[in-house]
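Have a look at work-v2.txt; it's compact mmCIF, C-alpha atoms:
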```txt
# COMPACT_ATOMS: atom_id res chain seq x y z
CA MET A 1059 -90.74 48.95 18.98
CA ALA A 1060 -93.99 47.05 18.70
CA THR A 1061 -97.11 48.46 20.30
CA ASN A 1062 -97.18 47.73 24.01
CA ASN A 1063 -100.45 45.86 24.34
CA GLN A 1064 -101.85 42.39 25.04
CA GLY A 1065 -98.60 41.03 26.44
CA TYR A 1066 -96.30 42.45 23.74
CA GLY A 1067 -94.51 44.95 26.01
CA ARG A 1068 -90.78 45.85 25.99
CA PRO A 1069 -88.75 43.32 28.01
CA ALA A 1070 -86.55 44.19 30.95
CA ASP A 1071 -82.86 44.78 30.29
CA SER A 1072 -81.90 41.50 31.99
CA ARG A 1073 -84.23 39.53 29.74
CA ARG A 1074 -82.87 41.23 26.63
CA ALA A 1075 -79.32 40.40 27.71
CA GLN A 1076 -80.33 36.81 28.31
CA GLN A 1077 -81.87 36.57 24.85
CA ASP A 1078 -78.81 38.20 23.30
CA GLN A 1079 -76.70 35.41 24.80
CA GLN A 1080 -79.11 32.84 23.41
CA TRP A 1081 -78.85 34.33 19.92
CA HIS A 1082 -75.04 34.27 20.11
CA ARG A 1083 -74.99 30.66 21.34
CA HIS A 1084 -76.69 29.69 18.10
CA GLY A 1085 -73.86 31.20 16.13
CA ASP A 1086 -71.84 28.02 15.59
CA GLN A 1087 -74.81 25.67 15.20
CA GLY A 1088 -76.94 24.61 12.30
CA TRP A 1089 -76.48 24.24 8.57
CA TRP A 1090 -76.02 28.00 8.15
CA GLY A 1091 -73.07 28.26 10.54
CA ASP A 1092 -72.40 31.70 11.96
CA THR A 1093 -75.19 33.28 9.88
CA THR A 1094 -77.58 32.15 12.61
CA ALA A 1095 -75.98 34.58 15.07
CA ARG A 1096 -77.40 38.06 15.40
CA HIS A 1097 -75.69 39.95 12.60
CA PRO A 1098 -73.63 43.08 13.30
CA ARG A 1099 -75.11 44.75 10.22
CA ALA A 1100 -78.03 46.54 11.80
CA ALA A 1101 -81.58 46.17 10.54
CA PRO A 1102 -83.33 49.39 9.47
CA THR A 1103 -84.54 51.40 12.45
CA ARG A 1104 -88.27 51.90 12.78
CA GLY A 1105 -89.34 55.54 12.76
CA THR A 1106 -92.02 56.80 15.08
CA GLY A 1107 -93.98 58.55 12.35
CA ASP A 1108 -94.03 55.86 9.67
CA ALA A 1109 -97.29 55.98 7.76
CA PHE A 1110 -98.63 52.71 6.44
CA HIS A 1111 -101.48 51.80 4.15
CA PRO A 1112 -103.65 48.80 5.07
CA VAL A 1113 -102.27 45.73 3.29
CA TRP A 1114 -105.33 43.53 3.90
CA ASP A 1115 -107.54 45.86 1.88
CA ARG A 1116 -105.31 45.70 -1.18
CA PRO A 1117 -106.50 43.61 -4.11
CA PRO A 1118 -104.54 40.35 -4.45
CA ARG A 1119 -101.44 40.55 -6.59
CA ARG A 1120 -101.87 39.36 -10.13
CA ARG A 1121 -99.85 36.30 -10.82
CA ARG A 1122 -97.13 36.72 -13.29
CA VAL A 1123 -98.09 35.65 -16.78
CA LEU A 1124 -95.16 33.27 -16.95
CA ASP A 1125 -96.25 31.44 -13.78
CA VAL A 1126 -99.78 30.98 -15.11
CA LEU A 1127 -98.53 29.77 -18.47
CA LEU A 1128 -96.19 27.26 -16.82
CA VAL A 1129 -99.02 25.79 -14.76
CA LEU A 1130 -101.34 25.60 -17.78
CA VAL A 1131 -98.75 23.93 -19.97
CA ALA A 1132 -97.83 21.48 -17.21
CA ALA A 1133 -101.52 20.67 -16.68
CA LEU A 1134 -102.01 20.00 -20.40
CA VAL A 1135 -99.03 17.65 -20.43
CA VAL A 1136 -100.45 15.79 -17.42
CA ALA A 1137 -103.77 15.40 -19.21
CA ALA A 1138 -102.00 14.05 -22.30
CA VAL A 1139 -99.94 11.56 -20.27
CA LEU A 1140 -102.98 10.33 -18.33
CA LEU A 1141 -104.94 9.98 -21.56
CA PHE A 1142 -102.10 7.89 -23.00
CA LEU A 1143 -102.14 5.66 -19.92
CA SER A 1144 -105.91 5.31 -20.08
CA LEU A 1145 -105.76 4.20 -23.71
CA SER A 1146 -102.91 1.80 -22.95
CA LEU A 1147 -104.43 0.18 -19.85
CA GLY A 1148 -108.12 0.52 -20.59
CA PRO A 1149 -110.55 2.76 -18.70
CA SER A 1150 -111.39 0.29 -15.92
CA ALA A 1151 -107.81 -0.64 -15.11
CA PHE A 1152 -106.75 2.99 -15.36
CA VAL A 1153 -109.35 4.14 -12.82
CA LEU A 1154 -108.54 1.29 -10.43
CA CYS A 1155 -104.79 1.88 -10.64
CA GLY A 1156 -105.29 5.64 -10.31
CA ILE A 1157 -107.22 5.17 -7.09
CA LEU A 1158 -104.53 2.88 -5.70
CA ALA A 1159 -101.82 5.36 -6.70
CA LEU A 1160 -103.52 8.02 -4.57
CA VAL A 1161 -102.52 6.11 -1.42
CA PRO A 1162 -98.71 6.54 -1.71
CA LEU A 1163 -99.28 10.02 -3.14
CA GLY A 1164 -101.23 11.00 -0.04
CA ILE A 1165 -98.49 9.60 2.20
CA CYS A 1166 -95.84 11.61 0.35
CA LEU A 1167 -97.81 14.85 0.35
CA LEU A 1168 -98.49 14.57 4.08
CA GLY A 1169 -94.79 14.07 4.72
CA LEU A 1170 -93.88 17.05 2.55
CA ARG A 1171 -96.48 19.19 4.29
CA TRP A 1172 -94.88 18.31 7.61
CA ILE A 1173 -91.49 19.43 6.25
CA ASP A 1174 -92.99 22.65 4.85
CA ARG A 1175 -95.01 23.71 7.88
CA TRP A 1176 -92.53 26.24 9.25
CA ASP A 1177 -92.43 28.50 6.21
CA PRO A 1178 -95.00 27.21 3.68
CA GLU A 1179 -94.20 27.64 0.01
CA PRO A 1180 -96.67 29.30 -2.41
CA ARG A 1181 -99.40 26.94 -3.50
CA GLY A 1182 -98.98 27.94 -7.11
CA ALA A 1183 -95.34 26.88 -7.07
CA LEU A 1184 -96.18 23.58 -5.40
CA LEU A 1185 -98.96 22.97 -7.93
CA PHE A 1186 -96.54 23.47 -10.80
CA ALA A 1187 -94.03 21.17 -9.10
CA PHE A 1188 -96.60 18.39 -8.80
CA LEU A 1189 -97.88 18.85 -12.35
CA TRP A 1190 -94.36 18.83 -13.76
CA GLY A 1191 -93.60 15.60 -11.94
CA ALA A 1192 -96.85 13.90 -12.90
CA GLY A 1193 -96.72 14.95 -16.54
CA ALA A 1194 -93.67 16.59 -18.10
CA SER A 1195 -91.07 14.50 -16.29
CA VAL A 1196 -92.92 11.31 -17.27
CA ALA A 1197 -93.16 12.48 -20.87
CA VAL A 1198 -89.43 13.30 -20.98
CA THR A 1199 -88.66 9.88 -19.51
CA LEU A 1200 -90.81 8.07 -22.07
CA LEU A 1201 -89.33 10.05 -24.96
CA LEU A 1202 -85.67 9.74 -23.95
CA GLY A 1203 -85.71 6.34 -22.29
CA THR A 1204 -85.46 4.22 -25.43
CA TYR A 1205 -82.62 6.28 -26.91
CA VAL A 1206 -80.61 6.20 -23.68
CA VAL A 1207 -81.05 2.42 -23.42
CA GLU A 1208 -79.72 2.03 -26.96
CA LEU A 1209 -76.75 4.29 -26.25
CA LEU A 1210 -75.90 2.46 -23.04
CA GLY A 1211 -76.35 -0.90 -24.74
CA ASP A 1212 -73.91 0.08 -27.50
CA ALA A 1213 -71.40 1.38 -24.97
CA LEU A 1214 -71.76 -1.50 -22.48
CA THR A 1215 -72.00 -4.52 -24.74
CA THR A 1216 -71.17 -7.00 -21.97
CA THR A 1217 -73.73 -5.63 -19.53
CA SER A 1218 -77.07 -7.41 -19.18
CA PRO A 1219 -80.19 -5.55 -20.42
CA ASP A 1220 -81.71 -6.31 -17.00
CA VAL A 1221 -79.06 -4.03 -15.51
CA ILE A 1222 -78.95 -1.36 -18.21
CA GLY A 1223 -82.66 -0.55 -18.02
CA PRO A 1224 -83.54 -0.29 -14.32
CA VAL A 1225 -80.09 0.31 -12.82
CA LEU A 1226 -78.55 2.71 -15.35
CA GLN A 1227 -81.08 4.19 -17.75
CA ALA A 1228 -83.98 4.77 -15.34
CA PRO A 1229 -81.98 6.71 -12.70
CA LEU A 1230 -80.21 8.83 -15.33
CA VAL A 1231 -83.27 9.81 -17.33
CA GLU A 1232 -85.81 10.04 -14.52
CA GLU A 1233 -83.67 12.16 -12.20
CA PHE A 1234 -82.75 14.48 -15.04
CA ALA A 1235 -86.40 14.83 -16.06
CA LYS A 1236 -87.55 15.54 -12.52
CA GLY A 1237 -84.61 17.84 -11.90
CA LEU A 1238 -85.59 20.05 -14.83
CA GLY A 1239 -88.79 20.95 -12.98
CA VAL A 1240 -86.83 21.93 -9.87
CA LEU A 1241 -84.48 24.02 -12.01
CA ILE A 1242 -87.43 25.84 -13.59
CA LEU A 1243 -88.70 26.68 -10.09
CA VAL A 1244 -85.30 28.07 -9.16
CA TYR A 1245 -85.56 30.60 -11.97
CA THR A 1246 -89.29 31.38 -11.75
CA ARG A 1247 -89.76 31.28 -7.95
CA ARG A 1248 -86.30 32.22 -6.80
CA SER A 1249 -87.57 34.73 -4.25
CA HIS A 1250 -89.20 31.81 -2.41
CA PHE A 1251 -86.17 29.54 -2.63
CA ASP A 1252 -84.64 30.34 0.76
CA GLY A 1253 -82.51 27.30 1.44
CA PRO A 1254 -82.17 23.51 1.61
CA VAL A 1255 -85.61 22.95 3.18
CA ASP A 1256 -87.36 24.78 0.34
CA GLY A 1257 -85.31 22.80 -2.16
CA ILE A 1258 -86.35 19.54 -0.53
CA VAL A 1259 -90.03 20.55 -0.55
CA TYR A 1260 -90.05 21.58 -4.21
CA ALA A 1261 -87.99 18.60 -5.38
CA GLY A 1262 -90.01 16.20 -3.23
CA THR A 1263 -93.27 17.53 -4.68
CA VAL A 1264 -91.97 17.01 -8.22
CA ALA A 1265 -90.94 13.48 -7.28
CA ALA A 1266 -94.31 12.74 -5.65
CA GLY A 1267 -96.05 13.70 -8.87
CA PHE A 1268 -93.72 11.50 -10.91
CA ALA A 1269 -94.23 8.55 -8.57
CA PHE A 1270 -98.02 8.97 -8.80
CA THR A 1271 -98.04 8.54 -12.58
CA GLU A 1272 -95.37 5.84 -12.54
CA ASN A 1273 -97.35 3.88 -9.97
CA ILE A 1274 -100.38 3.89 -12.25
CA LEU A 1275 -98.17 2.44 -14.99
CA TYR A 1276 -96.67 -0.22 -12.72
CA PHE A 1277 -100.00 -1.21 -11.21
CA GLY A 1278 -101.55 -1.41 -14.67
CA SER A 1279 -98.68 -3.52 -15.99
CA ALA A 1280 -99.13 -5.95 -13.09
CA VAL A 1281 -102.79 -6.41 -14.01
CA MET A 1282 -102.16 -6.78 -17.74
CA ASP A 1283 -99.17 -9.12 -17.43
CA SER A 1284 -100.68 -11.50 -14.86
CA GLY A 1285 -104.41 -11.07 -15.33
CA ASN A 1286 -105.09 -11.54 -11.62
CA ALA A 1287 -105.46 -9.35 -8.57
CA GLY A 1288 -102.71 -11.07 -6.59
CA ALA A 1289 -99.93 -9.54 -8.66
CA LEU A 1290 -101.52 -6.09 -8.36
CA VAL A 1291 -101.71 -6.41 -4.58
CA GLY A 1292 -98.07 -7.45 -4.41
CA VAL A 1293 -96.86 -4.49 -6.47
CA PHE A 1294 -99.10 -2.11 -4.51
CA VAL A 1295 -97.68 -3.29 -1.18
CA LEU A 1296 -94.07 -3.07 -2.34
CA ARG A 1297 -94.33 0.30 -4.08
CA GLY A 1298 -97.24 1.99 -2.36
CA LEU A 1299 -96.76 0.93 1.26
CA PHE A 1300 -93.16 -0.25 1.69
CA SER A 1301 -91.41 2.48 -0.31
CA PRO A 1302 -93.73 5.43 -1.09
CA PHE A 1303 -90.93 7.95 -0.41
CA ALA A 1304 -88.35 6.39 -2.74
CA HIS A 1305 -88.57 8.96 -5.54
CA VAL A 1306 -88.98 11.79 -3.01
CA MET A 1307 -85.73 10.81 -1.30
CA PHE A 1308 -83.75 10.67 -4.56
CA THR A 1309 -84.83 14.01 -5.97
CA ALA A 1310 -84.74 15.70 -2.56
CA LEU A 1311 -80.95 15.33 -2.67
CA LEU A 1312 -80.90 17.52 -5.77
CA GLY A 1313 -83.26 20.01 -4.11
CA PHE A 1314 -81.02 20.16 -1.05
CA VAL A 1315 -77.92 20.96 -3.12
CA LEU A 1316 -79.73 23.63 -5.16
CA GLY A 1317 -81.23 25.21 -2.04
CA TYR A 1318 -77.89 25.26 -0.29
CA ALA A 1319 -76.20 26.82 -3.31
CA LEU A 1320 -78.79 29.60 -3.43
CA THR A 1321 -78.05 30.56 0.18
CA ARG A 1322 -74.52 31.35 -0.97
CA GLY A 1323 -75.66 33.67 -3.74
CA GLY A 1324 -74.18 33.63 -7.22
CA GLY A 1325 -75.45 33.62 -10.77
CA ASN A 1326 -76.20 31.09 -13.46
CA ALA A 1327 -72.82 29.39 -13.20
CA ARG A 1328 -73.39 28.55 -9.54
CA ILE A 1329 -76.98 27.41 -10.15
CA LEU A 1330 -76.16 25.18 -13.12
CA GLY A 1331 -73.12 23.83 -11.33
CA ALA A 1332 -75.25 22.98 -8.30
CA PHE A 1333 -77.82 21.35 -10.60
CA ALA A 1334 -75.17 19.10 -12.14
CA LEU A 1335 -73.65 18.36 -8.74
CA GLY A 1336 -77.03 17.64 -7.16
CA LEU A 1337 -77.92 15.15 -9.88
CA LEU A 1338 -75.02 12.92 -8.84
CA PRO A 1339 -76.34 11.83 -5.40
CA ALA A 1340 -79.90 11.69 -6.76
CA ILE A 1341 -78.85 9.33 -9.56
CA ALA A 1342 -76.57 7.33 -7.26
CA GLY A 1343 -79.34 6.83 -4.69
CA HIS A 1344 -81.75 5.80 -7.43
CA MET A 1345 -79.22 3.33 -8.83
CA LEU A 1346 -78.67 1.80 -5.40
CA TRP A 1347 -82.39 1.49 -4.83
CA ASN A 1348 -83.10 -0.14 -8.21
CA GLY A 1349 -79.99 -2.29 -8.27
CA GLY A 1350 -80.10 -3.56 -4.71
CA THR A 1351 -82.02 -6.73 -5.46
CA ILE A 1352 -80.32 -7.21 -8.84
CA LEU A 1353 -76.67 -6.74 -7.93
CA LEU A 1354 -76.36 -6.80 -4.13
CA PHE A 1355 -79.08 -8.88 -2.47
CA ASP A 1356 -81.10 -11.91 -3.50
CA ASN A 1357 -83.82 -11.24 -0.93
CA PHE A 1358 -85.94 -8.09 -1.16
CA PHE A 1359 -86.78 -7.95 2.53
CA LEU A 1360 -83.12 -8.27 3.50
CA PHE A 1361 -82.28 -5.38 1.19
CA TYR A 1362 -85.25 -3.42 2.49
CA PHE A 1363 -84.31 -3.65 6.17
CA VAL A 1364 -80.53 -3.47 5.73
CA VAL A 1365 -80.38 -0.61 3.18
CA GLN A 1366 -83.71 1.08 2.50
CA VAL A 1367 -84.95 1.50 6.06
CA PRO A 1368 -81.65 2.97 7.36
CA LEU A 1369 -81.57 5.39 4.41
CA PHE A 1370 -85.10 6.52 5.18
CA VAL A 1371 -84.28 7.01 8.87
CA ALA A 1372 -81.19 9.02 7.94
CA ALA A 1373 -83.31 11.19 5.62
CA VAL A 1374 -85.81 11.90 8.41
CA ILE A 1375 -83.04 12.83 10.83
CA ALA A 1376 -81.50 15.18 8.26
CA VAL A 1377 -84.84 16.90 7.68
CA VAL A 1378 -85.38 17.35 11.43
CA LEU A 1379 -81.95 18.97 11.75
CA LEU A 1380 -82.67 21.26 8.81
CA ARG A 1381 -86.01 22.32 10.26
CA ARG A 1382 -84.37 23.16 13.58
CA ALA A 1383 -81.72 25.19 11.80
CA GLU A 1384 -84.48 27.06 9.94
CA GLN A 1385 -86.16 27.91 13.25
CA ARG A 1386 -82.87 29.18 14.68
CA LEU A 1387 -82.35 31.24 11.56
CA THR A 1388 -85.80 32.82 12.01
CA GLU A 1389 -85.02 33.62 15.64
CA ALA A 1390 -81.66 35.18 14.84
CA ARG A 1391 -82.84 37.33 11.94
CA LEU A 1392 -85.94 38.57 13.77
CA GLY A 1393 -83.63 39.34 16.68
CA ASP A 1394 -81.89 41.85 14.43
CA TYR A 1395 -85.22 43.62 13.89
CA ALA A 1396 -86.02 43.48 17.60
CA GLN A 1397 -82.84 45.45 18.25
CA ALA A 1398 -84.06 48.02 15.72
CA GLY A 1399 -87.48 48.35 17.38
CA TRP A 1400 -89.69 46.39 14.97
CA PHE A 1401 -90.44 43.50 17.35
CA THR A 1402 -90.23 42.83 21.05
CA ALA A 1403 -88.31 39.87 22.45
CA GLU A 1404 -91.66 38.24 23.30
CA GLU A 1405 -92.72 38.53 19.68
CA VAL A 1406 -89.45 37.01 18.49
CA SER A 1407 -90.04 34.06 20.80
CA MET A 1408 -93.60 33.79 19.54
CA LEU A 1409 -92.68 33.91 15.85
CA ALA A 1410 -89.60 31.69 16.07
CA THR A 1411 -90.85 28.77 18.18
CA ARG A 1412 -93.61 26.25 17.63
CA PRO A 1413 -95.00 26.58 21.17
CA GLY A 1414 -95.03 30.35 20.77
CA ARG A 1415 -96.92 30.14 17.50
CA ALA A 1416 -99.41 27.68 18.95
CA ARG A 1417 -100.13 29.91 21.96
CA ALA A 1418 -100.46 32.98 19.76
CA LEU A 1419 -102.93 31.27 17.42
CA ALA A 1420 -104.95 29.93 20.35
CA TRP A 1421 -105.20 33.42 21.87
CA ALA A 1422 -106.00 35.03 18.52
CA ARG A 1423 -108.86 32.59 18.01
CA THR A 1424 -110.49 33.82 21.22
CA VAL A 1425 -110.55 37.42 19.93
CA GLY A 1426 -111.47 36.65 16.33
CA ALA A 1427 -108.03 37.46 14.94
CA ARG A 1428 -106.75 34.02 13.95
CA GLU A 1429 -106.44 34.88 10.25
CA ASP A 1430 -104.47 38.04 11.01
CA MET A 1431 -102.24 36.16 13.43
CA GLN A 1432 -101.53 33.51 10.81
CA ALA A 1433 -100.61 36.28 8.37
CA PHE A 1434 -98.43 37.95 11.04
CA ILE A 1435 -96.55 34.69 11.59
CA ARG A 1436 -96.08 34.10 7.85
CA THR A 1437 -94.87 37.65 7.39
CA GLY A 1438 -92.39 37.23 10.22
CA SER A 1439 -90.89 34.19 8.49
CA ARG A 1440 -90.67 36.05 5.18
CA ILE A 1441 -88.95 38.98 6.90
CA ALA A 1442 -86.35 36.67 8.42
CA HIS A 1443 -85.59 34.95 5.13
CA THR A 1444 -85.51 38.23 3.22
CA ARG A 1445 -82.89 39.61 5.59
CA GLN A 1446 -80.91 36.38 5.28
CA ARG A 1447 -80.87 36.77 1.50
CA MET A 1448 -79.61 40.35 1.87
CA LEU A 1449 -76.88 39.32 4.31
CA GLY A 1450 -75.92 36.45 2.01
CA GLY A 1451 -75.31 38.86 -0.84
CA ARG A 1452 -78.04 37.63 -3.14
CA ARG A 1453 -78.77 40.11 -5.93
CA ASP A 1454 -81.61 38.31 -7.72
CA GLY A 1455 -84.30 40.66 -6.44
CA ASP A 1456 -84.98 44.04 -4.80
CA TYR A 1457 -84.87 42.67 -1.29
CA ALA A 1458 -84.56 46.09 0.33
CA ALA A 1459 -87.96 47.07 -1.10
CA GLU A 1460 -89.38 43.70 -0.11
CA GLU A 1461 -88.02 44.17 3.40
CA ARG A 1462 -89.73 47.56 3.76
CA ALA A 1463 -93.05 46.18 2.48
CA LEU A 1464 -92.94 43.17 4.80
CA LEU A 1465 -92.05 45.27 7.85
CA ALA A 1466 -94.96 47.59 7.06
CA GLU A 1467 -97.28 44.63 6.71
CA ALA A 1468 -96.13 43.15 10.03
CA SER A 1469 -96.79 46.45 11.80
CA GLN A 1470 -100.26 46.72 10.32
CA ARG A 1471 -101.15 43.12 11.10
CA ARG A 1472 -100.10 43.67 14.71
CA ALA A 1473 -102.23 46.81 14.96
CA ARG A 1474 -105.20 45.00 13.43
CA ILE A 1475 -104.84 42.14 15.92
CA PHE A 1476 -104.82 44.58 18.83
CA ASP A 1477 -107.83 46.42 17.44
CA ARG A 1478 -109.78 43.18 17.30
CA ALA A 1479 -108.66 42.25 20.79
CA SER A 1480 -109.75 45.64 22.15
CA ALA A 1481 -113.15 45.33 20.47
CA VAL A 1482 -114.03 42.16 22.39
CA ARG A 1483 -113.12 43.57 25.80
```

Will you turn the file into structure tokens for me?
Amino acid sequence: MATNNQGYGRPADSRRAQQDQQWHRHGDQGWWGDTTARHPRAAPTRGTGDAFHPVWDRPPRRRRVLDVLLVLVAALVVAAVLLFLSLSLGPSAFVLCGILALVPLGICLLGLRWIDRWDPEPRGALLFAFLWGAGASVAVTLLLGTYVVELLGDALTTTSPDVIGPVLQAPLVEEFAKGLGVLILVYTRRSHFDGPVDGIVYAGTVAAGFAFTENILYFGSAVMDSGNAGALVGVFVLRGLFSPFAHVMFTALLGFVLGYALTRGGGNARILGAFALGLLPAIAGHMLWNGGTILLFDNFFLFYFVVQVPLFVAAVIAVVLLRRAEQRLTEARLGDYAQAGWFTAEEVSMLATRPGRARALAWARTVGAREDMQAFIRTGSRIAHTRQRMLGGRRDGDYAAEERALLAEASQRRARIFDRASAVR
């Protein structure tokens, strides 16, 4: 049981029974089905004499060499791609188009941050995702694009080149190139790939990076082809303001499928199968988006409001449902640990609801413990997802050891928060 202090006391039996019913009501809801019910497999019981070592005094973990190398290589590729664009467009046009491309990029990153707020992903992984999208995926697209166009042209001799390029080649090559970055993250950051929401965040970040570089190219082409600012403004409005999330929506479908597959466990066959399966809706959505005004509609605005806007609204609704399911999952898994004495019901409510987190952070700020409370909340989320991986049968890590370390950290963070609170009284 957690230390009885500062409002974290043991609840009455009636309240525990009420919360038990609430946990069980969640059993048939959400994307995870009955895994969001309190699981009969008991969490490890907390001993009264457990000795812990302060986790906040430990030196930060060294990043794995592979992770650092991946980021460095991705950064070098980005630099090479941007240098190529600068030489192609000219320095002045490149800087202007780069500044304009920051606008849709900022919109996308803010949206992805909103999706990722509940259980934020490691910054290093997100940095690699962005760099891969902005550099490596663009390079792969430029290298393979011409060959794929030739192959499709030979195979589809009666199809117009205006259809082969944007409607067939671009979705195939671009989604494959972006998807490779998501697949690399599955293998290198698998312990942080907890489900569909994480897959959407990683895939969306890759796509945001790709769109950033592609927008520079499109904006620059508008300037070079027309020689006037009017064309640039038109392309900026259509790509940067009307449809900044286009690439994010396509690749997020792949991320969703990969994230969902990982919740079911399995080895390389399941992962690669999910990768191939997830590419299908990503490519199909991209084809629909690019081919709408070529094959289906003569008017862009008609296509935009009849097809694109409803698709975007559906994507937002799906993300909201996924986020709610993730919150219910956190509540259910932490409820298992509450039964074993690691948390009180009040703490479960605090860690598993947005109002609870907000109140806890506001109180912690008054006693100078905001940083520790933030760490306590993050650790609670990691504990919940770690237990979910164990219950799901995943064998891609030593989750029992991770569970013990996270539970120890949560206990120490709680004690540190109470110590700070007592010091200001």

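For the residues A:Tyr1276, A:Tyr1457, A:Trp1400, A:Phe1152, ranking by smallest atom-to-atom distance to A:Ser1469 using only C-alpha atoms places A:Trp1400 first.
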
Residue neighbourhood stretch 1380-1386 of chain A, 6 Å, only C-alpha atoms, exclusion window fewer than 2 positions, as a list in words: Gly1088, Val1377, Val1378, Thr1388, Glu1389 and Ala1410 of chain A

Which residue out of A:Leu1226, A:Ala1235, A:Asp1177, A:Phe1251 has the minimum interatomic distance to A:Leu1387 when only C-alpha atoms are used?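 Selected residue with least distance to A:Leu1387: A:Asp1177.
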
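With atom CA of A:Ser1480 on one side and atom CA of A:Ala1418 on the other, the separation reads 15.9 Å.
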
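In terms of minimum interatomic distance to A:Ser1218, A:Ile1352 ranks closest within A:His1443, A:Ile1352, A:Val1482, A:Gly1426, counting all atoms listed in the file.
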
Taking only C-alpha atoms into account, which of A:Ala1132, A:Leu1210, A:Ala1332, A:Val1295 comes nearest A:Gly1223?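 For A:Gly1223, the nearest of the candidates is A:Leu1210.
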
Using all atoms listed in the file, which residues sit within 9 Å of A:Gly1257 once same-chain residues fewer than 2 positions away are excluded, as a PDB file with C-alpha atoms, keeping the file's coordinate frame?
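Below is the file that was written, part04.pdb:
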```pdb
ATOM      1  CA  VAL A1240     -86.830  21.930  -9.870  1.00  0.00           C
ATOM      2  CA  VAL A1244     -85.300  28.070  -9.160  1.00  0.00           C
ATOM      3  CA  PHE A1251     -86.170  29.540  -2.630  1.00  0.00           C
ATOM      4  CA  ASP A1252     -84.640  30.340   0.760  1.00  0.00           C
ATOM      5  CA  GLY A1253     -82.510  27.300   1.440  1.00  0.00           C
ATOM      6  CA  PRO A1254     -82.170  23.510   1.610  1.00  0.00           C
ATOM      7  CA  VAL A1255     -85.610  22.950   3.180  1.00  0.00           C
ATOM      8  CA  VAL A1259     -90.030  20.550  -0.550  1.00  0.00           C
ATOM      9  CA  TYR A1260     -90.050  21.580  -4.210  1.00  0.00           C
ATOM     10  CA  ALA A1261     -87.990  18.600  -5.380  1.00  0.00           C
ATOM     11  CA  GLY A1262     -90.010  16.200  -3.230  1.00  0.00           C
ATOM     12  CA  ALA A1310     -84.740  15.700  -2.560  1.00  0.00           C
ATOM     13  CA  LEU A1311     -80.950  15.330  -2.670  1.00  0.00           C
ATOM     14  CA  LEU A1312     -80.900  17.520  -5.770  1.00  0.00           C
ATOM     15  CA  GLY A1313     -83.260  20.010  -4.110  1.00  0.00           C
ATOM     16  CA  PHE A1314     -81.020  20.160  -1.050  1.00  0.00           C
ATOM     17  CA  VAL A1315     -77.920  20.960  -3.120  1.00  0.00           C
ATOM     18  CA  LEU A1316     -79.730  23.630  -5.160  1.00  0.00           C
ATOM     19  CA  GLY A1317     -81.230  25.210  -2.040  1.00  0.00           C
ATOM     20  CA  TYR A1318     -77.890  25.260  -0.290  1.00  0.00           C
TER      21      TYR A1318
END
```

Please report the interatomic distance between atom CA of A:Gly1193 and atom CA of A:Asp1283 in Å with one decimal.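 The value is 24.2 Å.
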
Applying 8 Å and only C-alpha atoms, which residues near A:Met1431 remain after dropping the ones on its own chain fewer than 4 positions away? List them as number ranges by chain. A: 1418-1419, 1422, 1427, 1435, 1471-1472, 1475

Limited to C-alpha atoms, could you put the picked residues into a file as a compact mmCIF listing (two decimals), in the frame of the given file?
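Full text of again.txt as output:
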```txt
# COMPACT_ATOMS: atom_id res chain seq x y z
CA ALA A 1418 -100.46 32.98 19.76
CA LEU A 1419 -102.93 31.27 17.42
CA ALA A 1422 -106.00 35.03 18.52
CA ALA A 1427 -108.03 37.46 14.94
CA ILE A 1435 -96.55 34.69 11.59
CA ARG A 1471 -101.15 43.12 11.10
CA ARG A 1472 -100.10 43.67 14.71
CA ILE A 1475 -104.84 42.14 15.92
```
